[in-house]
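Reading through the C-alpha cells given below for one structure.
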Amino acid sequence: MLDLLKAVVLGLIQGLTEFLPISSSAHLRIFPELFGWGDPGAAFTAVVQIGTELAVLIYFRHDIWRIASTWLRSLVQPEWRGHVDVRMGWYIIFGSLPIVVLGIALKDVIEQDFRSLWIIGTTLIVLGLVLGIADKFGRNDRAIKKMGLRDALLMGLAQAAALVPGVSRSGATISMGRFLGFERAAATRFAFLLAIPAVVGAGLFQLSEIPGGDNAYGWGPTLVGTVVSFIVGYAAIAWLLRYVSTNSYTPFVIYRVLLGSAVLVLLGAGVLTA
C-alpha cells in the first residue's frame, strides 16, 4: 500500500512536469530523494512517462491522425508527397532518430552516471538560462508550417540532450525552436509531437526492467503512477498551450534556476546524496 501511495505522488509529479520545460525526470529523481524514498529507477521513470504520452496522443488525436494518414497515403500516391502533413510526418521521424540512437548507445550511462543529482542540479540551471536566452532573443515569426528538415533535425538533436535528467525534453526542443525563430505555440506543439516516438519507445524498451534490476517499484505501483500521470498530464497540456500563446517562459526559467541552486546547496550541505 505504501508503494502505491508513493506511485500516486510520483504520477502527480510526472503529470505536472512532463510538458512544462522544467524536466519531469529531474523531479522524479529529486523529490523522492527529499522524501527519503530513494531513486525510483530509470525504468520506472521511462514507463510512467508513457501515461503522459497517452495524454498527448488523445489531446492531439486529430493532428496525429491527419499527419499519419496523409503520410501513409503519400507512400503510394506521389501527388500527396508535397503536402505539409506529409512533411511533418517525415520531420517527426527524422527528428526522433538522434534520441533513439543515443538512447540505445548510452543506456548504461543514462541509468547510472547521468542520474547524479550534481549533474541534474547543474543542468536545471544551465538549460534554464538557455531557455531564457532563446525565448528572449528568438524572432517569434515562424509558424509550424514553415518548418524544414534542417529545423526538425536540429530540434531532434536538442531533444536528445534530454537523455540527461534535468535538461527537459520539451525545454530543450522549445529552446531550439525559439532560436530558430518559431512562435512559442509552434515550438511547443512540435515539441509535444516529436516526443511521442521517443517517450513511448523508451517506455516500451524499459518494460522488462520493471520487475527487478535497480527499480524501486513493481508492476502495480508503476501502472498506478502511469494512470495518474495520464490524467494530470492531459490537463497540463491544455493549460500550457493556452499559457504560451500570450506569455513568455520566464517563470519556468526562474523556477529551474532556483530548484537547481537548491539541489546543489542541499548536496553541498549533505542533506541530499547524489
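Identifiers for the C-alpha cells are assigned positionally: chains receive A, B, ... in sequence, residues are indexed from 1 per chain, and ligands are indexed from 1 in the order shown.
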
* Write out as a PyMOL selection string the residues lying within 12 Å of A:Pro251, counting only C-alpha atoms and excluding same-chain residues fewer than 3 positions away. => chain A and resi 20-22+128-129+131-132+135+243-244+247-248+254-258

Those same residues, written as a compact mmCIF listing (two decimals), in the first residue's frame with all heavy atoms?
# COMPACT_ATOMS: atom_id res chain seq x y z
N LEU A 20 5.81 20.82 -18.99
CA LEU A 20 6.43 22.09 -18.67
C LEU A 20 7.94 21.96 -18.89
O LEU A 20 8.50 20.89 -18.67
CB LEU A 20 6.16 22.48 -17.20
CG LEU A 20 4.69 22.48 -16.78
CD1 LEU A 20 4.58 22.95 -15.32
CD2 LEU A 20 3.85 23.36 -17.67
N PRO A 21 8.61 23.03 -19.33
CA PRO A 21 10.04 22.94 -19.65
C PRO A 21 10.92 22.95 -18.39
O PRO A 21 11.84 23.77 -18.26
CB PRO A 21 10.28 24.17 -20.52
CG PRO A 21 9.27 25.16 -20.06
CD PRO A 21 8.05 24.36 -19.68
N ILE A 22 10.61 22.04 -17.44
CA ILE A 22 11.33 22.03 -16.16
C ILE A 22 11.89 20.65 -15.82
O ILE A 22 12.44 20.46 -14.74
CB ILE A 22 10.42 22.52 -15.01
CG1 ILE A 22 9.14 21.68 -14.93
CG2 ILE A 22 10.09 24.00 -15.20
CD1 ILE A 22 8.23 22.07 -13.78
N GLY A 128 18.06 26.05 -18.05
CA GLY A 128 17.07 27.08 -17.76
C GLY A 128 17.50 28.43 -18.35
O GLY A 128 16.70 29.15 -18.94
N LEU A 129 18.78 28.75 -18.17
CA LEU A 129 19.30 30.00 -18.74
C LEU A 129 19.26 29.98 -20.26
O LEU A 129 18.96 30.99 -20.90
CB LEU A 129 20.72 30.23 -18.24
CG LEU A 129 20.86 30.46 -16.72
CD1 LEU A 129 22.33 30.55 -16.33
CD2 LEU A 129 20.12 31.72 -16.29
N LEU A 131 17.07 28.38 -22.08
CA LEU A 131 15.67 28.60 -22.44
C LEU A 131 15.32 30.08 -22.36
O LEU A 131 14.66 30.63 -23.24
CB LEU A 131 14.75 27.79 -21.52
CG LEU A 131 13.24 28.03 -21.67
CD1 LEU A 131 12.78 27.63 -23.06
CD2 LEU A 131 12.47 27.25 -20.61
N GLY A 132 15.79 30.74 -21.31
CA GLY A 132 15.52 32.15 -21.15
C GLY A 132 16.11 33.00 -22.27
O GLY A 132 15.46 33.90 -22.80
N ASP A 135 14.18 32.30 -25.54
CA ASP A 135 12.86 32.90 -25.54
C ASP A 135 12.93 34.42 -25.70
O ASP A 135 12.08 35.03 -26.35
CB ASP A 135 12.12 32.54 -24.25
CG ASP A 135 10.64 32.85 -24.33
OD1 ASP A 135 10.03 32.58 -25.38
OD2 ASP A 135 10.09 33.35 -23.33
N TYR A 243 -1.25 29.00 -22.11
CA TYR A 243 -0.32 29.93 -21.45
C TYR A 243 0.68 30.51 -22.44
O TYR A 243 0.89 31.73 -22.47
CB TYR A 243 0.42 29.21 -20.32
CG TYR A 243 1.47 30.07 -19.66
CD1 TYR A 243 1.13 30.92 -18.61
CD2 TYR A 243 2.79 30.05 -20.09
CE1 TYR A 243 2.08 31.73 -18.01
CE2 TYR A 243 3.75 30.86 -19.50
CZ TYR A 243 3.39 31.69 -18.46
OH TYR A 243 4.33 32.50 -17.89
N VAL A 244 1.32 29.67 -23.25
CA VAL A 244 2.40 30.15 -24.11
C VAL A 244 1.90 30.99 -25.27
O VAL A 244 2.69 31.67 -25.94
CB VAL A 244 3.26 28.99 -24.66
CG1 VAL A 244 3.91 28.23 -23.52
CG2 VAL A 244 2.44 28.04 -25.55
N ASN A 247 2.11 34.36 -23.15
CA ASN A 247 3.09 34.60 -22.10
C ASN A 247 4.46 34.03 -22.46
O ASN A 247 4.56 33.14 -23.31
CB ASN A 247 2.63 33.98 -20.78
CG ASN A 247 1.34 34.59 -20.26
OD1 ASN A 247 1.35 35.62 -19.62
ND2 ASN A 247 0.22 33.93 -20.54
N SER A 248 5.50 34.52 -21.79
CA SER A 248 6.85 34.03 -22.01
C SER A 248 7.15 32.84 -21.10
O SER A 248 6.35 32.48 -20.23
CB SER A 248 7.87 35.14 -21.75
OG SER A 248 8.02 35.35 -20.36
N ILE A 254 13.05 30.96 -14.11
CA ILE A 254 13.31 31.30 -12.71
C ILE A 254 13.19 30.06 -11.83
O ILE A 254 14.04 29.80 -10.95
CB ILE A 254 12.35 32.39 -12.23
CG1 ILE A 254 12.61 33.70 -13.01
CG2 ILE A 254 12.48 32.63 -10.72
CD1 ILE A 254 11.59 34.78 -12.76
N TYR A 255 12.14 29.27 -12.05
CA TYR A 255 11.93 28.06 -11.25
C TYR A 255 13.09 27.08 -11.41
O TYR A 255 13.58 26.50 -10.43
CB TYR A 255 10.61 27.41 -11.66
CG TYR A 255 10.36 26.08 -10.98
CD1 TYR A 255 9.88 26.03 -9.67
CD2 TYR A 255 10.63 24.88 -11.63
CE1 TYR A 255 9.66 24.82 -9.03
CE2 TYR A 255 10.42 23.66 -11.00
CZ TYR A 255 9.93 23.64 -9.70
OH TYR A 255 9.72 22.44 -9.08
N ARG A 256 13.54 26.89 -12.65
CA ARG A 256 14.64 25.96 -12.90
C ARG A 256 15.91 26.40 -12.17
O ARG A 256 16.60 25.58 -11.55
CB ARG A 256 14.92 25.86 -14.41
CG ARG A 256 13.89 25.10 -15.22
CD ARG A 256 14.32 25.07 -16.67
NE ARG A 256 15.57 24.32 -16.79
CZ ARG A 256 15.67 23.12 -17.35
NH1 ARG A 256 14.61 22.53 -17.85
NH2 ARG A 256 16.84 22.51 -17.42
N VAL A 257 16.23 27.67 -12.26
CA VAL A 257 17.45 28.18 -11.62
C VAL A 257 17.35 28.03 -10.10
O VAL A 257 18.31 27.60 -9.44
CB VAL A 257 17.69 29.64 -12.01
CG1 VAL A 257 18.84 30.22 -11.19
CG2 VAL A 257 18.01 29.74 -13.51
N LEU A 258 16.19 28.36 -9.53
CA LEU A 258 16.01 28.24 -8.08
C LEU A 258 16.08 26.78 -7.62
O LEU A 258 16.74 26.46 -6.62
CB LEU A 258 14.68 28.86 -7.65
CG LEU A 258 14.56 30.38 -7.78
CD1 LEU A 258 13.16 30.84 -7.41
CD2 LEU A 258 15.60 31.08 -6.90

* Could you pull out all residues of stretch 72-262 of chain A with a DSSP call of alpha helix (DSSP H) and give them as a ChimeraX atom specification? -> /A:72-76,84-105,107-111,117-137,149-160,169-179,184-206,219-244,250-262

* **Contacts of A:Glu183 within 6 Å, only C-alpha atoms, excl. fewer than 6 positions in-chain, as a ChimeraX atom specification** => /A:140-142

Could those residues be written to a file, using N, CA and C atoms, as a PDB file, in the first residue's frame?
ATOM      1  N   ASN A 140      10.433  34.747 -33.140  1.00  0.00           N
ATOM      2  CA  ASN A 140       8.999  34.557 -32.896  1.00  0.00           C
ATOM      3  C   ASN A 140       8.146  34.903 -34.113  1.00  0.00           C
ATOM      4  N   ASP A 141       8.637  34.589 -35.334  1.00  0.00           N
ATOM      5  CA  ASP A 141       7.887  34.957 -36.535  1.00  0.00           C
ATOM      6  C   ASP A 141       7.669  33.781 -37.503  1.00  0.00           C
ATOM      7  N   ARG A 142       7.926  32.550 -37.054  1.00  0.00           N
ATOM      8  CA  ARG A 142       7.752  31.396 -37.932  1.00  0.00           C
ATOM      9  C   ARG A 142       6.663  30.477 -37.381  1.00  0.00           C
TER      10      ARG A 142
END

* Asked: What does the distance between atom CA of A:Ala185 and atom CA of A:Gly203 come to in Å, to one decimal place?
  -> 26.5 Å

Taking only residues of stretch 171-263 of chain A that have an atom at most 8 Å from an atom of stretch 143-167 of chain A, what is each one's shortest atom pair and its distance in Å to one decimal, using only C-alpha atoms, in chain and number order, as a Markdown table?
| residue | atom | partner | partner_atom | distance |
| --- | --- | --- | --- | --- |
| A:Gly171 | CA | A:Val167 | CA | 7.1 |
| A:Ala172 | CA | A:Ala158 | CA | 5.3 |
| A:Thr173 | CA | A:Gln159 | CA | 5.1 |
| A:Ile174 | CA | A:Met155 | CA | 7.8 |
| A:Met176 | CA | A:Met155 | CA | 5.7 |
| A:Gly177 | CA | A:Met155 | CA | 6.5 |
| A:Leu180 | CA | A:Asp151 | CA | 7.2 |
| A:Phe182 | CA | A:Ala143 | CA | 6.0 |
| A:Glu183 | CA | A:Ala143 | CA | 6.1 |
| A:Ala186 | CA | A:Ile144 | CA | 5.1 |
| A:Ala187 | CA | A:Ile144 | CA | 7.3 |
| A:Phe190 | CA | A:Ile144 | CA | 7.5 |
| A:Leu194 | CA | A:Gly156 | CA | 7.6 |
| A:Ala195 | CA | A:Gln159 | CA | 8.0 |

* To do: Determine the nearest neighbour of A:Gln112 from the options A:Asp63, A:Glu53, A:Asp39, A:Asp85, counting only C-alpha atoms.
  =>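 Of A:Asp63, A:Glu53, A:Asp39, A:Asp85, the one nearest A:Gln112 is A:Asp39, counting only C-alpha atoms.
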
Env of A:Leu34: 10 Å cut, atoms = only C-alpha atoms, seq-sep filter 3 positions within chain, self excluded. Answer as a PDB file with N, CA and C atoms, in the first residue's frame.
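Output file around-v8.pdb follows:
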ATOM      1  N   ARG A  29      13.584  12.353  -9.813  1.00  0.00           N
ATOM      2  CA  ARG A  29      14.831  11.991  -9.138  1.00  0.00           C
ATOM      3  C   ARG A  29      15.011  12.797  -7.852  1.00  0.00           C
ATOM      4  N   ILE A  30      14.664  14.084  -7.889  1.00  0.00           N
ATOM      5  CA  ILE A  30      14.912  14.972  -6.753  1.00  0.00           C
ATOM      6  C   ILE A  30      13.924  14.730  -5.613  1.00  0.00           C
ATOM      7  N   PHE A  31      12.636  14.758  -5.910  1.00  0.00           N
ATOM      8  CA  PHE A  31      11.644  14.744  -4.841  1.00  0.00           C
ATOM      9  C   PHE A  31      11.573  13.415  -4.087  1.00  0.00           C
ATOM     10  N   TRP A  37      12.637   8.480  -0.111  1.00  0.00           N
ATOM     11  CA  TRP A  37      12.197   7.268  -0.807  1.00  0.00           C
ATOM     12  C   TRP A  37      13.297   6.659  -1.668  1.00  0.00           C
ATOM     13  N   GLY A  38      14.342   7.396  -1.939  1.00  0.00           N
ATOM     14  CA  GLY A  38      15.395   6.908  -2.819  1.00  0.00           C
ATOM     15  C   GLY A  38      15.032   7.068  -4.286  1.00  0.00           C
ATOM     16  N   VAL A 263      19.117  22.337  -5.102  1.00  0.00           N
ATOM     17  CA  VAL A 263      19.651  20.968  -5.135  1.00  0.00           C
ATOM     18  C   VAL A 263      21.149  20.982  -4.852  1.00  0.00           C
ATOM     19  N   LEU A 266      21.801  21.813  -1.155  1.00  0.00           N
ATOM     20  CA  LEU A 266      21.459  20.692  -0.290  1.00  0.00           C
ATOM     21  C   LEU A 266      22.471  19.546  -0.427  1.00  0.00           C
ATOM     22  N   VAL A 271      22.489  17.281   2.955  1.00  0.00           N
ATOM     23  CA  VAL A 271      21.077  16.932   3.147  1.00  0.00           C
ATOM     24  C   VAL A 271      20.642  15.909   2.111  1.00  0.00           C
ATOM     25  N   LEU A 272      21.127  16.079   0.895  1.00  0.00           N
ATOM     26  CA  LEU A 272      20.862  15.123  -0.190  1.00  0.00           C
ATOM     27  C   LEU A 272      22.143  14.375  -0.518  1.00  0.00           C
ATOM     28  N   THR A 273      21.984  13.160  -1.016  1.00  0.00           N
ATOM     29  CA  THR A 273      23.135  12.395  -1.502  1.00  0.00           C
ATOM     30  C   THR A 273      22.972  12.209  -3.008  1.00  0.00           C
TER      31      THR A 273
END

* Would you mind reading off the distance between atom CA of A:Phe44 and atom CA of A:Thr222, one decimal, in Å? =>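 These two atoms are separated by 6.4 Å.
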
* Determine, counting only C-alpha atoms, which protein, DNA and RNA residues have an atom within 6 Å of an atom of A:Ala55; residues of the same chain fewer than 4 positions away are not included. Present the result as a ChimeraX atom specification. => /A:59,230,234
